[in-house]
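Heads up, start.txt below (compact mmCIF, C-alpha atoms and all ligand atoms):
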```txt
# COMPACT_ATOMS: atom_id res chain seq x y z
CA MET A 1 23.75 -21.85 6.53
CA GLU A 2 21.55 -19.22 4.92
CA ARG A 3 22.06 -16.34 2.52
CA THR A 4 20.12 -13.09 2.43
CA PHE A 5 19.87 -10.09 0.15
CA ILE A 6 20.65 -6.79 1.89
CA MET A 7 20.48 -3.50 0.03
CA VAL A 8 21.45 -0.04 1.20
CA LYS A 9 18.74 2.03 -0.51
CA PRO A 10 19.37 5.37 -2.30
CA ASP A 11 18.74 7.38 0.88
CA GLY A 12 21.25 5.23 2.79
CA VAL A 13 23.89 5.63 0.08
CA GLN A 14 23.37 9.40 -0.12
CA ARG A 15 23.51 9.79 3.66
CA GLY A 16 26.78 7.85 3.84
CA PHE A 17 25.55 4.73 5.60
CA ILE A 18 27.15 2.02 3.43
CA GLY A 19 30.09 1.64 5.81
CA GLU A 20 27.98 1.71 8.98
CA ILE A 21 25.61 -0.96 7.66
CA ILE A 22 28.42 -3.22 6.42
CA SER A 23 30.16 -2.74 9.75
CA ARG A 24 27.12 -3.84 11.76
CA PHE A 25 26.78 -7.03 9.71
CA GLU A 26 30.51 -7.77 9.96
CA ARG A 27 30.56 -7.24 13.71
CA LYS A 28 27.50 -9.46 14.14
CA GLY A 29 29.60 -12.27 12.63
CA PHE A 30 28.05 -12.66 9.19
CA LYS A 31 30.08 -13.23 6.03
CA LEU A 32 29.89 -10.89 3.04
CA VAL A 33 29.80 -13.04 -0.10
CA SER A 34 28.99 -10.33 -2.66
CA GLY A 35 28.49 -6.57 -2.88
CA LYS A 36 28.21 -3.88 -5.55
CA LEU A 37 27.23 -0.26 -6.08
CA MET A 38 24.64 -0.07 -8.85
CA ILE A 39 21.59 1.66 -10.21
CA ILE A 40 18.72 -0.80 -10.32
CA ALA A 41 16.91 -1.09 -13.66
CA ARG A 42 13.17 -0.43 -13.58
CA ASP A 43 12.25 -4.02 -14.45
CA GLN A 44 14.55 -5.33 -11.70
CA ALA A 45 12.92 -2.92 -9.23
CA GLU A 46 9.43 -4.02 -10.26
CA ARG A 47 10.42 -7.68 -9.79
CA HIS A 48 12.07 -6.90 -6.45
CA TYR A 49 8.90 -5.26 -5.11
CA ALA A 50 6.42 -7.50 -7.01
CA GLU A 51 4.52 -8.34 -3.80
CA HIS A 52 3.56 -4.64 -3.55
CA ALA A 53 2.41 -4.30 -7.18
CA GLN A 54 -1.21 -3.62 -6.14
CA LYS A 55 -0.35 -1.13 -3.37
CA PRO A 56 -1.00 2.59 -3.92
CA PHE A 57 2.64 3.41 -3.17
CA PHE A 58 4.11 0.91 -5.71
CA GLY A 59 4.95 3.52 -8.39
CA GLU A 60 6.54 5.80 -5.82
CA LEU A 61 8.52 2.88 -4.38
CA VAL A 62 9.90 1.84 -7.80
CA ASP A 63 10.68 5.49 -8.68
CA PHE A 64 12.60 5.88 -5.44
CA ILE A 65 14.62 2.66 -5.56
CA THR A 66 15.72 3.44 -9.14
CA SER A 67 16.43 7.12 -8.40
CA GLY A 68 20.10 6.71 -7.49
CA PRO A 69 22.79 4.21 -6.59
CA VAL A 70 22.09 1.40 -4.13
CA PHE A 71 24.64 -0.90 -2.51
CA ALA A 72 23.46 -4.47 -3.03
CA MET A 73 24.93 -7.28 -0.93
CA ILE A 74 24.63 -10.95 -0.14
CA TRP A 75 25.38 -11.99 3.43
CA GLU A 76 25.79 -15.54 4.67
CA GLY A 77 25.37 -17.07 8.14
CA ASP A 78 23.20 -19.17 10.43
CA ASP A 79 19.70 -17.65 10.61
CA VAL A 80 20.99 -14.59 8.73
CA ILE A 81 17.52 -13.86 7.29
CA SER A 82 15.66 -13.48 10.58
CA LEU A 83 18.63 -12.00 12.46
CA SER A 84 19.23 -9.35 9.81
CA ARG A 85 15.53 -8.36 9.93
CA LEU A 86 15.99 -7.88 13.70
CA MET A 87 19.09 -5.75 13.11
CA ILE A 88 17.31 -3.65 10.46
CA GLY A 89 14.20 -3.01 12.57
CA LYS A 90 10.50 -2.68 11.73
CA THR A 91 9.31 -1.21 8.43
CA LYS A 92 7.39 1.69 9.98
CA VAL A 93 9.78 4.15 11.57
CA GLY A 94 7.40 4.66 14.49
CA GLU A 95 7.85 0.98 15.37
CA ALA A 96 11.58 0.62 14.67
CA LEU A 97 13.30 0.35 18.04
CA PRO A 98 16.50 2.14 19.02
CA GLY A 99 19.46 -0.19 18.53
CA THR A 100 18.19 -1.22 15.10
CA ILE A 101 19.49 0.43 11.91
CA ARG A 102 16.13 2.05 11.14
CA GLY A 103 15.47 2.85 14.81
CA ASP A 104 18.79 4.63 15.11
CA TYR A 105 18.97 6.44 11.77
CA ALA A 106 15.65 6.57 9.84
CA SER A 107 12.94 9.15 10.44
CA HIS A 108 10.55 8.41 7.51
CA THR A 109 9.07 5.05 6.49
CA ASN A 110 9.64 5.84 2.79
CA PHE A 111 13.29 6.54 3.54
CA ASN A 112 14.18 3.67 5.84
CA LEU A 113 17.73 3.16 4.57
CA VAL A 114 18.00 -0.54 4.03
CA HIS A 115 16.22 -3.62 2.69
CA GLY A 116 16.56 -7.19 3.97
CA SER A 117 14.86 -10.33 2.63
CA ASP A 118 12.00 -11.64 4.79
CA SER A 119 12.09 -15.38 3.96
CA PRO A 120 14.31 -17.99 2.28
CA GLU A 121 12.07 -17.83 -0.82
CA SER A 122 12.32 -14.03 -1.04
CA ALA A 123 16.08 -14.18 -0.46
CA ALA A 124 16.61 -16.66 -3.32
CA ARG A 125 14.39 -14.62 -5.66
CA GLU A 126 15.94 -11.25 -4.71
CA ILE A 127 19.52 -12.55 -5.01
CA ALA A 128 18.84 -14.06 -8.46
CA ASN A 129 17.24 -10.77 -9.56
CA ILE A 130 20.44 -8.78 -8.91
CA PHE A 131 23.45 -11.13 -8.85
CA SER A 132 24.86 -13.79 -11.16
CA GLU A 133 26.36 -17.00 -9.70
CA GLN A 134 29.83 -15.79 -10.78
CA GLU A 135 29.53 -12.73 -8.53
CA ILE A 136 29.14 -14.80 -5.36
CA VAL A 137 32.45 -15.28 -3.56
CA SER A 138 31.96 -17.87 -0.87
CA VAL A 139 35.15 -19.40 0.49
CA GLU A 140 36.07 -20.63 3.97
CA HIS A 141 37.79 -17.84 5.88
CA ALA A 142 41.05 -18.85 7.54
CA VAL A 143 40.03 -16.72 10.54
CA GLN A 144 36.53 -17.28 11.93
CA PRO A 145 34.74 -14.56 13.93
P1 LIG B 1 10.44 -4.07 4.50
O1 LIG B 1 11.34 -3.15 3.70
O2 LIG B 1 10.57 -3.82 5.99
O3 LIG B 1 10.55 -5.52 4.12
P2 LIG B 1 7.91 -3.96 3.03
O4 LIG B 1 6.56 -4.13 3.67
O5 LIG B 1 8.40 -5.06 2.13
O6 LIG B 1 8.94 -3.62 4.17
O7 LIG B 1 7.84 -2.60 2.20
C1 LIG B 1 8.84 -2.30 1.27
C2 LIG B 1 9.21 -0.85 1.38
O8 LIG B 1 8.12 -0.06 0.92
C3 LIG B 1 9.48 -0.35 2.79
O9 LIG B 1 10.79 -0.57 3.21
C4 LIG B 1 9.21 1.15 2.66
O10 LIG B 1 10.36 1.82 2.15
C5 LIG B 1 8.12 1.19 1.61
N1 LIG B 1 6.80 1.35 2.20
C6 LIG B 1 6.15 0.49 3.04
N2 LIG B 1 4.95 0.99 3.37
C7 LIG B 1 4.84 2.17 2.73
C8 LIG B 1 3.82 3.17 2.66
O11 LIG B 1 2.75 3.05 3.27
N3 LIG B 1 4.10 4.24 1.87
C9 LIG B 1 5.25 4.38 1.18
N4 LIG B 1 6.23 3.47 1.23
C10 LIG B 1 6.04 2.40 1.98
```
If you took the structure in this file and wrote it as structure tokens, what would it be?
Amino acid sequence: MERTFIMVKPDGVQRGFIGEIISRFERKGFKLVSGKLMIIARDQAERHYAEHAQKPFFGELVDFITSGPVFAMIWEGDDVISLSRLMIGKTKVGEALPGTIRGDYASHTNFNLVHGSDSPESAAREIANIFSEQEIVSVEHAVQP
């Protein structure tokens, strides 16, 4: 059983995609174990995107992700990390296939609606950067999908 960090980015929140994105993950059969609307602090954003610190677009990326509310979530399930990356679609909009969240709704790479962790190490780091242990609500559901 894995956990992953999924975040509806400011463009996704402003365009009204929180519900659609949650719905896709629910219908896939994953379990929501935490979620909150928040404005990410600059130091959290810099830690979140630390792997891009040397890239020319780093400043722009941090500015954007801190520019407005995001909806941060933790989802749980078998292979949730790789399966959620498939559901989200490729980073570059020109490569994101129809049927994926980005393929269906994003038309600019900088505004690609949603983030999903790309490995177990990233997921653990990204979750710890945004959530405390007390915020994670993981109980057995009486009804399984
Ligand atoms: P991912 O979000 O699919 O994991 P990453 O390579 O980790 O993709 O890039 C993080 C985010 O940085 C992307 O989602 C996108 O919003 C932004 N980004 C990626 N490449 C560029 C670029 O060339 N210019 C501006 N922003 C970019």
### Message
Quick check, in Å to one decimal: how far apart do CA of Thr100 (chain A) and atom C8 of ligand LIG 1 (chain B) lie?
### Response
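It comes out at 19.5 Å.
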#### Entry: Surroundings of ligand LIG 1 (chain B) up to 8 Å, based on only C-alpha atoms and all ligand atoms, as an MDAnalysis selection string
chainID A and resid 49 51:52 56:58 60:61 85 89:92 109:118
### Query
Between A:Glu135, A:Glu95, A:Glu2, A:Glu126, which is the closest to Lys31 (chain A) once you count only C-alpha atoms?
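Closest to Lys31 (chain A) of all the choices is A:Glu2.
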### Query
Please, which residues are within 12 Å of (20.7, 3.2, 13.7) by the file's coordinates, counting only C-alpha atoms, and could they come as a count of residues only?
26
### Message
List as an NGL selection string the protein and nucleic acid residues near Lys28 (chain A), meaning an atom at most 10 Å away when only C-alpha atoms are counted, but skip any in the same chain fewer than 5 places from it.
### Response
:A and (22-23 or 77 or 80 or 83-84 or 87 or 145)
